[in-house]
Each structure stands twice: as C-alpha cells, then as structure tokens.
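File shown: structure06.cif. Contents: mmCIF, C-alpha atoms.
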```cif
data_final
#
loop_
_atom_site.label_atom_id
_atom_site.label_comp_id
_atom_site.auth_asym_id
_atom_site.auth_seq_id
_atom_site.Cartn_x
_atom_site.Cartn_y
_atom_site.Cartn_z
CA GLN A 52 0.00 0.00 0.00
CA SER A 53 1.67 3.25 -1.15
CA ALA A 54 1.58 6.33 1.00
CA LEU A 55 -0.64 9.24 0.10
CA THR A 56 1.16 11.83 -2.04
CA GLN A 57 2.00 15.18 -0.47
CA PRO A 58 4.43 17.89 -1.59
CA ALA A 59 7.69 17.64 0.34
CA SER A 60 7.66 21.32 1.21
CA VAL A 61 5.63 24.49 0.96
CA SER A 62 6.37 28.00 2.12
CA GLY A 63 4.64 31.30 2.62
CA SER A 64 5.03 34.67 4.25
CA PRO A 65 3.20 35.74 7.40
CA GLY A 66 -0.38 36.65 6.62
CA GLN A 67 -0.49 34.69 3.38
CA SER A 68 -2.46 31.52 2.67
CA ILE A 69 -1.05 28.17 1.62
CA ILE A 70 -2.58 24.91 0.46
CA ILE A 71 -1.15 21.44 1.06
CA SER A 72 -2.49 18.70 -1.20
CA CYS A 73 -2.87 15.02 -0.43
CA THR A 74 -3.54 12.66 -3.32
CA GLY A 75 -4.68 9.08 -2.96
CA THR A 76 -6.96 6.69 -4.78
CA SER A 77 -10.58 5.61 -4.83
CA SER A 78 -9.66 3.02 -2.16
CA ASP A 79 -8.82 5.71 0.35
CA VAL A 80 -9.15 9.49 -0.06
CA GLY A 81 -11.63 9.31 -2.92
CA GLY A 82 -13.78 6.58 -1.48
CA TYR A 83 -14.37 7.76 2.08
CA ASN A 84 -14.79 10.98 4.02
CA TYR A 85 -12.24 9.81 6.57
CA VAL A 86 -9.36 12.16 5.78
CA SER A 87 -7.55 13.78 8.67
CA TRP A 88 -4.64 16.21 9.00
CA TYR A 89 -1.96 16.41 11.70
CA GLN A 90 0.54 19.09 12.66
CA GLN A 91 3.84 18.02 14.16
CA HIS A 92 6.47 20.32 15.58
CA PRO A 93 10.02 18.95 16.01
CA SER A 94 10.26 16.29 18.72
CA LYS A 95 6.57 16.70 19.56
CA ALA A 96 3.60 14.38 19.21
CA PRO A 97 1.27 14.84 16.25
CA LYS A 98 -1.71 17.14 16.83
CA LEU A 99 -5.05 16.66 15.10
CA MET A 100 -6.00 19.69 13.00
CA ILE A 101 -8.80 18.40 10.71
CA TYR A 102 -10.90 15.23 10.74
CA ASP A 103 -13.56 13.78 8.45
CA VAL A 104 -12.21 15.97 5.62
CA THR A 105 -13.59 19.29 6.83
CA ASN A 106 -14.15 19.19 10.61
CA ARG A 107 -12.00 21.14 13.01
CA PRO A 108 -11.53 19.95 16.62
CA SER A 109 -12.34 22.42 19.34
CA GLY A 110 -9.34 24.59 20.12
CA VAL A 111 -7.92 24.50 16.60
CA SER A 112 -7.79 27.90 14.93
CA ASP A 113 -10.35 28.58 12.19
CA ARG A 114 -7.40 29.58 10.00
CA PHE A 115 -7.13 25.86 9.28
CA SER A 116 -9.63 24.31 6.88
CA GLY A 117 -9.95 21.10 4.90
CA SER A 118 -11.59 20.07 1.65
CA LYS A 119 -11.67 17.24 -0.86
CA SER A 120 -12.21 16.84 -4.59
CA GLY A 121 -12.10 13.38 -6.09
CA ASN A 122 -8.98 11.56 -4.90
CA THR A 123 -7.27 14.72 -3.60
CA ALA A 124 -7.75 16.30 -0.20
CA SER A 125 -6.38 19.70 0.74
CA LEU A 126 -5.43 21.56 3.90
CA THR A 127 -5.60 25.35 3.69
CA ILE A 128 -3.90 27.56 6.24
CA SER A 129 -4.86 31.21 6.00
CA GLY A 130 -3.22 34.16 7.73
CA LEU A 131 0.06 32.28 8.17
CA GLN A 132 1.78 32.75 11.49
CA ALA A 133 5.28 31.86 12.61
CA GLU A 134 3.97 29.13 14.91
CA ASP A 135 2.40 27.35 11.94
CA GLU A 136 5.87 26.28 10.81
CA ALA A 137 5.82 22.50 11.25
CA ASP A 138 5.40 19.23 9.41
CA TYR A 139 1.89 18.37 8.24
CA TYR A 140 0.63 14.87 7.55
CA CYS A 141 -2.57 13.75 5.90
CA SER A 142 -4.15 10.42 6.73
CA SER A 143 -7.02 8.38 5.38
CA TYR A 144 -8.93 5.22 6.07
CA THR A 145 -8.26 2.68 3.33
CA SER A 146 -10.21 -0.37 2.25
CA THR A 147 -6.99 -2.33 1.76
CA THR A 148 -5.57 -4.67 4.39
CA THR A 149 -3.76 -1.78 6.09
CA LEU A 150 -6.66 0.26 7.42
CA VAL A 151 -4.94 3.62 7.76
CA ILE A 152 -2.36 5.26 5.53
CA PHE A 153 -0.44 8.51 5.89
CA GLY A 154 1.15 10.88 3.48
CA ALA A 155 4.92 11.28 3.66
CA GLY A 156 4.52 14.71 5.20
CA THR A 157 4.92 18.31 4.09
CA LYS A 158 7.35 20.72 5.73
CA LEU A 159 5.80 24.17 6.01
CA THR A 160 8.25 27.06 6.22
CA VAL A 161 7.00 30.50 7.23
CA LEU A 162 9.37 32.95 5.57
CA GLN B 119 -7.83 16.27 30.38
CA VAL B 120 -6.90 13.31 28.18
CA GLN B 121 -3.54 11.80 29.02
CA LEU B 122 -1.75 8.96 27.26
CA VAL B 123 1.62 7.89 28.65
CA GLU B 124 3.70 5.30 26.83
CA SER B 125 6.43 3.22 28.42
CA GLY B 126 8.54 0.15 27.75
CA GLY B 127 10.78 1.40 24.98
CA GLY B 128 14.50 0.71 24.89
CA VAL B 129 17.31 -0.92 22.97
CA VAL B 130 16.76 -4.52 21.86
CA GLN B 131 18.61 -6.89 19.55
CA PRO B 132 17.09 -8.04 16.25
CA GLY B 133 14.88 -11.08 16.70
CA ARG B 134 14.10 -10.31 20.34
CA SER B 135 10.81 -9.18 21.91
CA LEU B 136 9.56 -6.09 23.71
CA ARG B 137 6.28 -5.02 25.31
CA LEU B 138 5.08 -1.45 25.20
CA SER B 139 2.39 -0.07 27.51
CA CYS B 140 0.20 3.01 27.33
CA ALA B 141 -1.57 4.28 30.45
CA ALA B 142 -4.69 6.32 29.74
CA ALA B 143 -6.56 8.86 31.84
CA GLY B 144 -9.06 11.67 31.46
CA PHE B 145 -11.63 9.86 29.33
CA THR B 146 -13.79 6.72 29.40
CA PHE B 147 -11.11 4.34 28.19
CA ARG B 148 -13.43 1.38 27.63
CA SER B 149 -15.52 3.37 25.13
CA TYR B 150 -12.84 4.07 22.54
CA GLY B 151 -10.64 2.22 20.12
CA ILE B 152 -6.93 2.90 20.60
CA HIS B 153 -4.15 2.84 18.01
CA TRP B 154 -0.40 2.52 17.89
CA VAL B 155 1.36 4.81 15.40
CA ARG B 156 5.12 4.89 14.89
CA GLN B 157 7.70 7.23 13.42
CA ALA B 158 11.16 6.11 12.38
CA PRO B 159 13.93 8.64 13.03
CA GLY B 160 13.65 11.49 10.54
CA LYS B 161 10.75 9.80 8.76
CA GLY B 162 6.98 10.14 8.53
CA LEU B 163 4.14 8.63 10.50
CA GLU B 164 3.12 5.00 10.04
CA TRP B 165 0.00 3.40 11.44
CA VAL B 166 0.76 0.14 13.25
CA ALA B 167 -2.38 -1.35 14.81
CA VAL B 168 -5.76 -0.68 16.39
CA VAL B 169 -7.82 -2.45 19.04
CA SER B 170 -11.57 -1.93 19.40
CA HIS B 171 -13.10 -0.53 22.56
CA ASN B 172 -13.71 -3.97 24.08
CA GLY B 173 -10.62 -5.68 22.71
CA GLY B 174 -12.65 -7.95 20.50
CA ASN B 175 -11.48 -6.62 17.15
CA ASN B 176 -7.87 -5.91 16.14
CA HIS B 177 -6.23 -4.84 12.90
CA TYR B 178 -2.58 -4.54 11.92
CA ALA B 179 -0.42 -2.93 9.27
CA ASP B 180 0.96 -5.46 6.82
CA SER B 181 4.49 -4.59 8.00
CA VAL B 182 3.85 -5.94 11.52
CA LYS B 183 1.14 -8.55 10.96
CA GLY B 184 2.06 -11.85 12.57
CA ARG B 185 4.82 -10.28 14.71
CA PHE B 186 3.01 -7.65 16.82
CA THR B 187 -0.04 -8.11 19.06
CA ILE B 188 -2.17 -5.26 20.35
CA SER B 189 -4.29 -5.75 23.46
CA ARG B 190 -5.91 -3.78 26.25
CA ASP B 191 -6.96 -4.14 29.87
CA ASN B 192 -9.99 -1.93 30.45
CA SER B 193 -9.84 -2.58 34.20
CA LYS B 194 -6.42 -0.91 34.25
CA ASN B 195 -7.03 1.71 31.52
CA THR B 196 -3.95 0.37 29.78
CA LEU B 197 -3.05 -0.51 26.19
CA TYR B 198 -0.28 -2.91 25.21
CA LEU B 199 1.81 -3.75 22.19
CA ASP B 200 3.71 -7.02 22.23
CA MET B 201 6.43 -6.92 19.62
CA ASN B 202 8.15 -10.16 18.60
CA SER B 203 10.81 -10.97 16.01
CA LEU B 204 11.90 -7.36 16.02
CA ARG B 205 13.74 -6.02 12.99
CA VAL B 206 16.08 -3.08 12.53
CA GLU B 207 13.33 -1.38 10.52
CA ASP B 208 11.03 -1.44 13.56
CA THR B 209 13.22 1.25 15.13
CA ALA B 210 10.91 4.18 15.81
CA VAL B 211 9.10 6.32 18.32
CA TYR B 212 5.87 4.53 19.13
CA TYR B 213 2.83 6.66 19.96
CA CYS B 214 -0.45 5.44 21.38
CA ALA B 215 -3.36 7.40 19.98
CA LYS B 216 -7.01 7.59 20.96
CA ASP B 217 -9.50 7.03 18.17
CA GLY B 218 -11.78 10.00 17.63
CA GLY B 219 -14.87 7.87 18.01
CA GLY B 220 -16.95 5.54 15.89
CA MET B 221 -13.77 3.99 14.52
CA ARG B 222 -13.39 6.70 11.91
CA TYR B 223 -9.64 6.14 12.13
CA PHE B 224 -8.47 9.57 13.18
CA PHE B 225 -6.49 10.25 16.32
CA ASP B 226 -7.72 13.08 18.52
CA TYR B 227 -5.02 12.62 21.17
CA CYS B 228 -1.53 11.15 21.07
CA GLY B 229 0.92 10.40 23.83
CA GLN B 230 4.46 11.71 23.81
CA GLY B 231 5.84 8.43 22.53
CA THR B 232 8.42 5.85 23.57
CA LEU B 233 11.56 5.12 21.54
CA VAL B 234 12.30 1.57 20.43
CA THR B 235 15.75 0.95 19.00
CA VAL B 236 16.46 -2.40 17.36
CA SER B 237 20.18 -2.86 16.96
CA SER B 238 22.83 -5.50 17.43
#
```
Translate this file's structure into structure tokens.
Amino acid sequence: QSALTQPASVSGSPGQSIIISCTGTSSDVGGYNYVSWYQQHPSKAPKLMIYDVTNRPSGVSDRFSGSKSGNTASLTISGLQAEDEADYYCSSYTSTTTLVIFGAGTKLTVL
Amino acid sequence: QVQLVESGGGVVQPGRSLRLSCAAAGFTFRSYGIHWVRQAPGKGLEWVAVVSHNGGNNHYADSVKGRFTISRDNSKNTLYLDMNSLRVEDTAVYYCAKDGGGMRYFFDYCGQGTLVTVSS
C-alpha cells in the first residue's frame, strides 16, 4: 500500500495563505470521508487539525480548513503565522488490508 | 484532560521481543478504540495497529502482521503492544493514539511516545 502523495515542502510569508495537497486513490481518499490532518512540531507528538475531511476539533484555529475533490484532499492555512511552521501529515482510512495510511509529510516554512 | 503515557521502549537486539504499555486517563477508556502509530527517526508517521473498545477486534499494518499483538486491559485503563521478532526497521518512536470515536480512524489525542531501537 503506497503512501498518500504530499508535496515535500511548501512555504509562505506571514499573513499569506497556503494549500497542502494530499492525493490518494478511490480506495482511500476518494472513497471515504475519513481524511484527517496532523501538525507536528520537532520532537513533539502529532496534533489533530482536521478530521472527516472538513471538521476542526475544538481549540484548533479557524485559520485551518480542509476540503476534498475526487482523490485529492487539501489543507488550507490562512493568515500564516510563525507558529504554523511545522510538518503536516494527511491520513485516510483505506479499504486495503492496512486500514490507515499517511502521506509522507509536508514541511511548512514561514518565511 | 486526556492523558496517554507510553512506556517500555528501549534498545533490543534483532529477533528479540519487547512489550510497550500506554496508560490512559481523562476519558472513558473502555468506550474508545486505541491505536499505535510509529515514526522512524527522521521519517513520517506509520499506522501500526488498532484495538476496538472492548478488545474484540484488532487490525494490523501489513508490516507488523504476525509479529506484533495489540491488546488492552480496560480494568487498568492500559493498552499494550507485544512486539516479537523485532527487525532493525522497527526502530521508531511509538505513539499510542485515541481514536476519535466511531472507529473513523483519526487520532484526537496522542501520547508523547516511547523510543524503540532495534540494533545488534
């Protein structure tokens, strides 16, 4: 089972918006609304940012939003702030034998 | 608040065994599925296994199937991962992660992780 495809890196200036894509197949991203996104700062545990494609847990800034079109999900971060600099991982339920797959991660740099 | 505290990591030789534990607090442990997720040094996240709320249903990543066993003791609010026939490629930080509910396979809380190093 291949990992979901994410860009290795994205960057943006404070105040700008960025989009991180996550491409899978009809067996995972395209077939189910079970896409989630995680933020991970260096040496820290992953933190849930988006679940079920578009839902934001309580306490997560509304600058973070999720969407999906076909086999590609996206995480949008608006009004970039310095503390947003981190690695971001997408994840999806999959109908294959491995029930959950991740993307390889995207390093966000705030310029 | 929700707390997940992993323990049991360490250095182990290839082919040997190790048991990880995860102590949970701050939520009704017996009502939620719990996962193990790992991260090799400098690499991305990899899902390892999940156990249902009552321990009656388990699933594993292909990479660990037949070698790792996930279990739980709801009377002790504790999750376990028994790892046998360890390989160098099992070296990683292992996180326990609470399922968000309804087995929708997202993790709303993660512990801080425990490092497992497999090396001769």
Written as a ChimeraX atom specification, which residues does the PyMOL selection byres ((chain A) within 10 of (chain B)) give for the file shown?
-> /A:52,54,83-89,93-103,108,138-145,147-157
Explicit residues for the PyMOL selection byres ((chain A and resi 130) around 6) (as a PyMOL selection string) | chain A and resi 66-68+129+131
Please evaluate the PyMOL selection byres ((chain B and resi 122) around 7) against the displayed coordinates and give the resulting residues as a PyMOL selection string.
-> chain B and resi 120-121+123-124+140-143+214+228-229
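The two atoms in question, atom CA of A:Ala133 and atom CA of A:Ser116, are spaced 17.7 Å apart.
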Within 6 Å of B:Gln131, counting all atoms listed in the file, which residues show up once you throw out same-chain ones fewer than 4 positions away? Write them as a PyMOL selection string, please.
-> chain B and resi 236-238
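For the pair atom CA of A:Pro58 and atom CA of A:Ala137, the interatomic distance is 13.7 Å.
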Could you name the residues that touch B:Leu233 at 7 Å or less, counting all atoms listed in the file, but leaving out those on the same chain fewer than 5 positions away, as an MDAnalysis selection string?
-> chainID B and resid 127:128 210:212
Any idea what the distance is between atom CA of A:Thr76 and atom CA of A:Thr56?
-> 10.0 Å
